[in-house]
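Novice: Here you go, this is work-v7.pdb (PDB, C-alpha atoms, pLDDT in the B column).
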ATOM      1  CA  MET A  27       0.000   0.000   0.000  1.00 93.00           C
ATOM      2  CA  ILE A  28       1.328   3.428  -0.995  1.00 98.00           C
ATOM      3  CA  THR A  29       0.096   6.225   1.264  1.00 98.00           C
ATOM      4  CA  VAL A  30      -0.291   9.593  -0.443  1.00 98.00           C
ATOM      5  CA  GLY A  31      -0.926  13.160   0.666  1.00 98.00           C
ATOM      6  CA  VAL A  32      -2.131  15.929  -1.640  1.00 98.00           C
ATOM      7  CA  LEU A  33      -1.383  19.497  -0.567  1.00 98.00           C
ATOM      8  CA  THR A  34      -2.948  22.438  -2.413  1.00 98.00           C
ATOM      9  CA  VAL A  35      -1.048  25.706  -2.070  1.00 98.00           C
ATOM     10  CA  SER A  36      -3.286  28.673  -2.861  1.00 97.00           C
ATOM     11  CA  ASP A  37      -4.063  31.898  -1.031  1.00 97.00           C
ATOM     12  CA  ARG A  38      -7.505  32.198  -2.622  1.00 96.00           C
ATOM     13  CA  SER A  39      -8.494  28.566  -2.004  1.00 97.00           C
ATOM     14  CA  ALA A  40      -7.214  28.751   1.587  1.00 97.00           C
ATOM     15  CA  ARG A  41      -9.421  31.836   2.140  1.00 96.00           C
ATOM     16  CA  GLY A  42     -12.417  30.116   0.535  1.00 96.00           C
ATOM     17  CA  GLU A  43     -12.539  32.577  -2.363  1.00 97.00           C
ATOM     18  CA  ARG A  44     -11.948  29.960  -5.045  1.00 96.00           C
ATOM     19  CA  PRO A  45     -12.727  26.244  -5.024  1.00 96.00           C
ATOM     20  CA  ASP A  46      -9.750  23.905  -5.037  1.00 97.00           C
ATOM     21  CA  THR A  47      -9.840  22.023  -8.336  1.00 97.00           C
ATOM     22  CA  GLY A  48      -6.217  20.868  -8.532  1.00 97.00           C
ATOM     23  CA  GLY A  49      -6.187  18.879  -5.306  1.00 98.00           C
ATOM     24  CA  PRO A  50      -9.338  16.864  -6.050  1.00 98.00           C
ATOM     25  CA  ALA A  51      -8.122  16.194  -9.610  1.00 98.00           C
ATOM     26  CA  LEU A  52      -4.881  14.746  -8.226  1.00 98.00           C
ATOM     27  CA  VAL A  53      -6.729  12.657  -5.637  1.00 98.00           C
ATOM     28  CA  GLN A  54      -8.877  11.153  -8.387  1.00 98.00           C
ATOM     29  CA  ALA A  55      -5.851  10.505 -10.631  1.00 98.00           C
ATOM     30  CA  VAL A  56      -3.955   8.758  -7.829  1.00 98.00           C
ATOM     31  CA  LYS A  57      -6.955   6.543  -7.084  1.00 97.00           C
ATOM     32  CA  GLU A  58      -7.392   5.617 -10.745  1.00 97.00           C
ATOM     33  CA  ARG A  59      -3.815   5.411 -11.992  1.00 97.00           C
ATOM     34  CA  LEU A  60      -1.454   4.534  -9.131  1.00 97.00           C
ATOM     35  CA  ALA A  61      -2.037   0.895  -8.268  1.00 94.00           C
ATOM     36  CA  GLY A  62      -2.019   0.114  -4.574  1.00 94.00           C
ATOM     37  CA  ALA A  63      -2.183   3.773  -3.559  1.00 97.00           C
ATOM     38  CA  SER A  64      -4.496   5.421  -1.091  1.00 97.00           C
ATOM     39  CA  VAL A  65      -4.795   9.172  -0.543  1.00 98.00           C
ATOM     40  CA  THR A  66      -4.844   9.405   3.233  1.00 98.00           C
ATOM     41  CA  GLU A  67      -4.243  13.137   3.682  1.00 98.00           C
ATOM     42  CA  THR A  68      -5.402  16.288   1.889  1.00 98.00           C
ATOM     43  CA  ALA A  69      -5.049  19.921   2.882  1.00 98.00           C
ATOM     44  CA  ILE A  70      -5.153  23.461   1.549  1.00 98.00           C
ATOM     45  CA  VAL A  71      -2.679  26.072   2.776  1.00 98.00           C
ATOM     46  CA  SER A  72      -1.917  29.630   1.766  1.00 98.00           C
ATOM     47  CA  ASP A  73       1.251  30.602  -0.083  1.00 97.00           C
ATOM     48  CA  ASP A  74       3.183  30.812   3.163  1.00 98.00           C
ATOM     49  CA  GLN A  75       6.569  29.129   3.428  1.00 98.00           C
ATOM     50  CA  ALA A  76       6.232  28.170   7.092  1.00 98.00           C
ATOM     51  CA  ALA A  77       2.726  26.740   6.602  1.00 98.00           C
ATOM     52  CA  ILE A  78       3.771  24.672   3.595  1.00 98.00           C
ATOM     53  CA  ALA A  79       6.906  23.385   5.316  1.00 98.00           C
ATOM     54  CA  ALA A  80       4.966  22.480   8.480  1.00 98.00           C
ATOM     55  CA  VAL A  81       2.543  20.269   6.546  1.00 98.00           C
ATOM     56  CA  LEU A  82       5.350  18.593   4.592  1.00 98.00           C
ATOM     57  CA  VAL A  83       7.316  17.845   7.770  1.00 98.00           C
ATOM     58  CA  ARG A  84       4.233  16.529   9.601  1.00 98.00           C
ATOM     59  CA  TRP A  85       3.187  14.289   6.730  1.00 98.00           C
ATOM     60  CA  ALA A  86       6.707  12.919   6.250  1.00 98.00           C
ATOM     61  CA  ASP A  87       7.973  12.679   9.817  1.00 98.00           C
ATOM     62  CA  GLU A  88       4.849  12.055  11.888  1.00 98.00           C
ATOM     63  CA  LEU A  89       2.523  10.291   9.457  1.00 98.00           C
ATOM     64  CA  GLY A  90       5.213   8.576   7.391  1.00 98.00           C
ATOM     65  CA  LEU A  91       3.441   9.073   4.072  1.00 98.00           C
ATOM     66  CA  ASP A  92       5.162   7.463   1.100  1.00 98.00           C
ATOM     67  CA  LEU A  93       4.357  10.222  -1.395  1.00 98.00           C
ATOM     68  CA  VAL A  94       3.357  13.864  -1.048  1.00 99.00           C
ATOM     69  CA  LEU A  95       2.119  15.764  -4.100  1.00 98.00           C
ATOM     70  CA  THR A  96       1.817  19.520  -3.899  1.00 98.00           C
ATOM     71  CA  THR A  97      -0.134  21.590  -6.406  1.00 98.00           C
ATOM     72  CA  GLY A  98       0.325  25.321  -6.813  1.00 98.00           C
ATOM     73  CA  GLY A  99       2.863  27.981  -6.027  1.00 97.00           C
ATOM     74  CA  THR A 100       5.546  26.840  -8.478  1.00 97.00           C
ATOM     75  CA  GLY A 101       5.578  29.748 -10.922  1.00 95.00           C
ATOM     76  CA  PHE A 102       7.084  33.229 -11.100  1.00 96.00           C
ATOM     77  CA  ALA A 103       4.525  35.227  -9.120  1.00 95.00           C
ATOM     78  CA  PRO A 104       5.984  36.868  -6.003  1.00 95.00           C
ATOM     79  CA  ARG A 105       3.916  34.615  -3.689  1.00 95.00           C
ATOM     80  CA  ASP A 106       4.887  31.399  -5.527  1.00 97.00           C
ATOM     81  CA  ILE A 107       7.192  29.923  -2.883  1.00 98.00           C
ATOM     82  CA  THR A 108       6.300  26.231  -2.849  1.00 98.00           C
ATOM     83  CA  PRO A 109       9.732  25.191  -4.215  1.00 98.00           C
ATOM     84  CA  GLU A 110      11.514  27.204  -1.513  1.00 98.00           C
ATOM     85  CA  ALA A 111       9.318  25.713   1.214  1.00 98.00           C
ATOM     86  CA  THR A 112       9.894  22.234  -0.183  1.00 98.00           C
ATOM     87  CA  ARG A 113      13.665  22.666  -0.453  1.00 98.00           C
ATOM     88  CA  SER A 114      13.765  23.847   3.163  1.00 98.00           C
ATOM     89  CA  VAL A 115      12.540  20.431   4.343  1.00 98.00           C
ATOM     90  CA  LEU A 116      14.183  18.100   1.817  1.00 98.00           C
ATOM     91  CA  GLN A 117      17.159  15.993   2.794  1.00 98.00           C
ATOM     92  CA  ARG A 118      17.938  14.952  -0.795  1.00 98.00           C
ATOM     93  CA  GLU A 119      16.682  16.340  -4.090  1.00 98.00           C
ATOM     94  CA  ALA A 120      15.423  14.155  -6.943  1.00 98.00           C
ATOM     95  CA  PRO A 121      16.087  16.477  -9.890  1.00 98.00           C
ATOM     96  CA  GLY A 122      15.352  13.873 -12.557  1.00 98.00           C
ATOM     97  CA  LEU A 123      11.647  13.928 -11.708  1.00 98.00           C
ATOM     98  CA  ALA A 124      11.359  17.719 -12.049  1.00 98.00           C
ATOM     99  CA  GLU A 125      13.494  17.692 -15.204  1.00 98.00           C
ATOM    100  CA  ALA A 126      11.311  15.002 -16.781  1.00 98.00           C
ATOM    101  CA  MET A 127       8.140  16.906 -15.956  1.00 98.00           C
ATOM    102  CA  ARG A 128       9.491  20.134 -17.468  1.00 97.00           C
ATOM    103  CA  ALA A 129      10.723  18.339 -20.591  1.00 98.00           C
ATOM    104  CA  ALA A 130       7.380  16.640 -21.165  1.00 98.00           C
ATOM    105  CA  SER A 131       5.435  19.832 -20.453  1.00 96.00           C
ATOM    106  CA  PHE A 132       7.605  21.764 -22.892  1.00 96.00           C
ATOM    107  CA  GLN A 133       6.206  19.531 -25.642  1.00 96.00           C
ATOM    108  CA  VAL A 134       2.759  20.948 -24.740  1.00 94.00           C
ATOM    109  CA  THR A 135       3.589  24.578 -23.896  1.00 94.00           C
ATOM    110  CA  ALA A 136       6.593  26.880 -23.892  1.00 94.00           C
ATOM    111  CA  HIS A 137       5.376  28.078 -20.478  1.00 94.00           C
ATOM    112  CA  ALA A 138       6.899  24.904 -19.039  1.00 94.00           C
ATOM    113  CA  MET A 139      10.157  26.845 -18.919  1.00 95.00           C
ATOM    114  CA  LEU A 140       8.591  28.959 -16.170  1.00 95.00           C
ATOM    115  CA  SER A 141       8.072  25.994 -13.846  1.00 96.00           C
ATOM    116  CA  ARG A 142      10.215  26.017 -10.720  1.00 97.00           C
ATOM    117  CA  SER A 143       8.899  22.696  -9.387  1.00 98.00           C
ATOM    118  CA  VAL A 144      11.233  20.548  -7.332  1.00 98.00           C
ATOM    119  CA  ALA A 145      11.127  16.965  -6.134  1.00 98.00           C
ATOM    120  CA  GLY A 146      13.021  15.286  -3.366  1.00 98.00           C
ATOM    121  CA  ILE A 147      13.158  13.057  -0.343  1.00 98.00           C
ATOM    122  CA  ARG A 148      12.598  13.619   3.351  1.00 98.00           C
ATOM    123  CA  GLY A 149      13.254  10.457   5.313  1.00 98.00           C
ATOM    124  CA  ARG A 150      11.361   7.790   3.351  1.00 98.00           C
ATOM    125  CA  THR A 151       8.870  10.240   1.835  1.00 98.00           C
ATOM    126  CA  LEU A 152       9.008  11.409  -1.767  1.00 98.00           C
ATOM    127  CA  ILE A 153       7.762  14.985  -2.191  1.00 99.00           C
ATOM    128  CA  VAL A 154       6.884  16.309  -5.663  1.00 98.00           C
ATOM    129  CA  ASN A 155       5.759  19.826  -6.610  1.00 98.00           C
ATOM    130  CA  LEU A 156       3.179  20.002  -9.393  1.00 98.00           C
ATOM    131  CA  PRO A 157       1.670  23.027 -11.142  1.00 97.00           C
ATOM    132  CA  GLY A 158      -1.447  24.692  -9.777  1.00 96.00           C
ATOM    133  CA  SER A 159      -3.639  24.203 -12.820  1.00 95.00           C
ATOM    134  CA  PRO A 160      -5.435  20.854 -12.807  1.00 97.00           C
ATOM    135  CA  LYS A 161      -4.446  20.245 -16.444  1.00 96.00           C
ATOM    136  CA  GLY A 162      -0.769  20.951 -15.766  1.00 96.00           C
ATOM    137  CA  ALA A 163      -0.758  18.978 -12.524  1.00 98.00           C
ATOM    138  CA  LEU A 164      -2.285  15.921 -14.188  1.00 98.00           C
ATOM    139  CA  GLU A 165       0.054  16.102 -17.194  1.00 97.00           C
ATOM    140  CA  ASN A 166       3.083  16.335 -14.909  1.00 98.00           C
ATOM    141  CA  LEU A 167       1.852  13.490 -12.715  1.00 98.00           C
ATOM    142  CA  ALA A 168       1.310  11.339 -15.806  1.00 98.00           C
ATOM    143  CA  THR A 169       4.940  11.914 -16.789  1.00 98.00           C
ATOM    144  CA  ILE A 170       6.383  10.567 -13.533  1.00 98.00           C
ATOM    145  CA  LEU A 171       3.679   8.007 -12.712  1.00 98.00           C
ATOM    146  CA  PRO A 172       5.538   5.066 -14.318  1.00 97.00           C
ATOM    147  CA  VAL A 173       8.509   5.423 -11.945  1.00 98.00           C
ATOM    148  CA  LEU A 174       6.716   6.301  -8.706  1.00 98.00           C
ATOM    149  CA  PRO A 175       6.060   2.736  -7.472  1.00 97.00           C
ATOM    150  CA  HIS A 176       9.716   1.811  -7.940  1.00 97.00           C
ATOM    151  CA  ALA A 177      10.936   5.056  -6.353  1.00 98.00           C
ATOM    152  CA  ILE A 178       8.767   4.410  -3.302  1.00 98.00           C
ATOM    153  CA  GLU A 179       9.847   0.774  -3.166  1.00 97.00           C
ATOM    154  CA  LEU A 180      13.477   1.933  -3.075  1.00 98.00           C
ATOM    155  CA  LEU A 181      12.761   4.449  -0.318  1.00 98.00           C
ATOM    156  CA  GLN A 182      11.028   1.754   1.724  1.00 96.00           C
ATOM    157  CA  GLU A 183      13.902  -0.664   1.041  1.00 91.00           C
ATOM    158  CA  GLY A 184      11.467  -3.231  -0.266  1.00 75.00           C
ATOM    159  CA  ALA A 185      12.786  -6.744  -0.799  1.00 70.00           C
ATOM    160  CA  GLU A 186      12.072  -6.592  -4.535  1.00 69.00           C
ATOM    161  CA  ALA A 187      13.503  -3.090  -5.102  1.00 64.00           C
ATOM    162  CA  GLU A 188      16.962  -4.121  -6.234  1.00 63.00           C
ATOM    163  CA  LYS A 189      15.669  -6.755  -8.665  1.00 64.00           C
ATOM    164  CA  HIS A 190      14.594  -3.923 -10.966  1.00 56.00           C
ATOM    165  CA  HIS A 191      18.265  -2.940 -11.331  1.00 55.00           C
ATOM    166  CA  GLU A 192      19.498  -6.287 -12.574  1.00 58.00           C
ATOM    167  CA  ARG A 193      20.237  -6.547 -16.287  1.00 50.00           C
ATOM    168  CA  LYS A 194      18.722  -9.436 -18.141  1.00 51.00           C
ATOM    169  CA  ALA A 195      21.137 -11.393 -20.333  1.00 47.00           C
TER     170      ALA A 195
END
Go through the file and emit its structure as structure tokens.

Specialist:
Amino acid sequence: MITVGVLTVSDRSARGERPDTGGPALVQAVKERLAGASVTETAIVSDDQAAIAAVLVRWADELGLDLVLTTGGTGFAPRDITPEATRSVLQREAPGLAEAMRAASFQVTAHAMLSRSVAGIRGRTLIVNLPGSPKGALENLATILPVLPHAIELLQEGAEAEKHHERKA
């Protein structure tokens, strides 16, 4: 079982001025497309570095979630600080995930170059920043979805994890 948290970062959604559409879209996608996964935590926070970091630390350290997906706050606007909040709690970055998402998104829109999303590891939890738009978040998730089960298996030191690294003759 893969435990997942989905964190929406949005001032307007946190104040109740705009419905959260990105978070629910990610929850649905995880349920439908990530075998053996269960979304056990969801939350909405404002674009506040301390608030974002506090949720990430709690979900990783206290709840031991396997995967945390954030949506929102990854662009160029002055209040877009999700990557900074995420970096402040990461122990190791996983740049290949963010690079793959940007490369795939660039095939859809040149605006992908404006993404500042990061991905990394805290303890045994993989944390991935996704765009705030539901369309962008789902496209980025689809890009990395094929490797997520193996990444989580490696973090959990699963018995089968290393078998995926063996070359077949």

Novice: For the file shown, report as a PDB file with C-alpha atoms, in the frame of the given file the outcome of the PyMOL selection byres ((chain A and resi 47) around 10) at residue level.

Specialist:
ATOM      1  CA  THR A  34      -2.948  22.438  -2.413  1.00 98.00           C
ATOM      2  CA  SER A  39      -8.494  28.566  -2.004  1.00 97.00           C
ATOM      3  CA  ARG A  44     -11.948  29.960  -5.045  1.00 96.00           C
ATOM      4  CA  PRO A  45     -12.727  26.244  -5.024  1.00 96.00           C
ATOM      5  CA  ASP A  46      -9.750  23.905  -5.037  1.00 97.00           C
ATOM      6  CA  GLY A  48      -6.217  20.868  -8.532  1.00 97.00           C
ATOM      7  CA  GLY A  49      -6.187  18.879  -5.306  1.00 98.00           C
ATOM      8  CA  PRO A  50      -9.338  16.864  -6.050  1.00 98.00           C
ATOM      9  CA  ALA A  51      -8.122  16.194  -9.610  1.00 98.00           C
ATOM     10  CA  LEU A  52      -4.881  14.746  -8.226  1.00 98.00           C
ATOM     11  CA  THR A  97      -0.134  21.590  -6.406  1.00 98.00           C
ATOM     12  CA  GLY A 158      -1.447  24.692  -9.777  1.00 96.00           C
ATOM     13  CA  SER A 159      -3.639  24.203 -12.820  1.00 95.00           C
ATOM     14  CA  PRO A 160      -5.435  20.854 -12.807  1.00 97.00           C
ATOM     15  CA  LYS A 161      -4.446  20.245 -16.444  1.00 96.00           C
TER      16      LYS A 161
END

Novice: Measuring atom to atom with all atoms listed in the file, identify which of A:Asn155, A:Thr108, A:Gln75, A:Thr29 is nearest to Leu60 in chain A.

Specialist: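 Using all atoms listed in the file, Leu60 in chain A sits closest to A:Thr29.
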
Novice: Quick one: of A:Gly162, A:Gly146, A:Gly90, A:Gly98, who's nearest to Thr112 in chain A, counting only C-alpha atoms?

Specialist: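 Looking at the shortest contact to Thr112 in chain A, the residue is A:Gly146.
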
Novice: Evaluating the PyMOL selection byres ((chain A and resi 171-177) around 9) on the displayed file yields which residues, as a ChimeraX atom specification?

Specialist: /A:28,59-62,93,152,166-170,178-182,187,190

Novice: Would you mind telling me which residue in A:Ala55, A:Ala63, A:Ile147, A:Ala86 lies nearest to Leu116 in chain A when using only C-alpha atoms?

Specialist: A:Ile147

Novice: Here is a test: counting all atoms listed in the file, which residue of A:Gln54, A:Ser72, A:Ser64, A:Thr100 is nearest to Ser36 in chain A?

Specialist: A:Ser72

Novice: So, with all atoms listed in the file as the atoms that count, which of A:Thr68, A:Ser114, A:Thr96, A:Thr151 lies closest to Leu164 in chain A?

Specialist: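 Closest to Leu164 in chain A, using all atoms listed in the file: A:Thr96.
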
Novice: Have a look at A:Ala136, A:Glu183, A:Gly101, A:Asp87 and name the one nearest to Leu156 in chain A; count all atoms listed in the file.

Specialist: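 Using all atoms listed in the file, Leu156 in chain A sits closest to A:Gly101.
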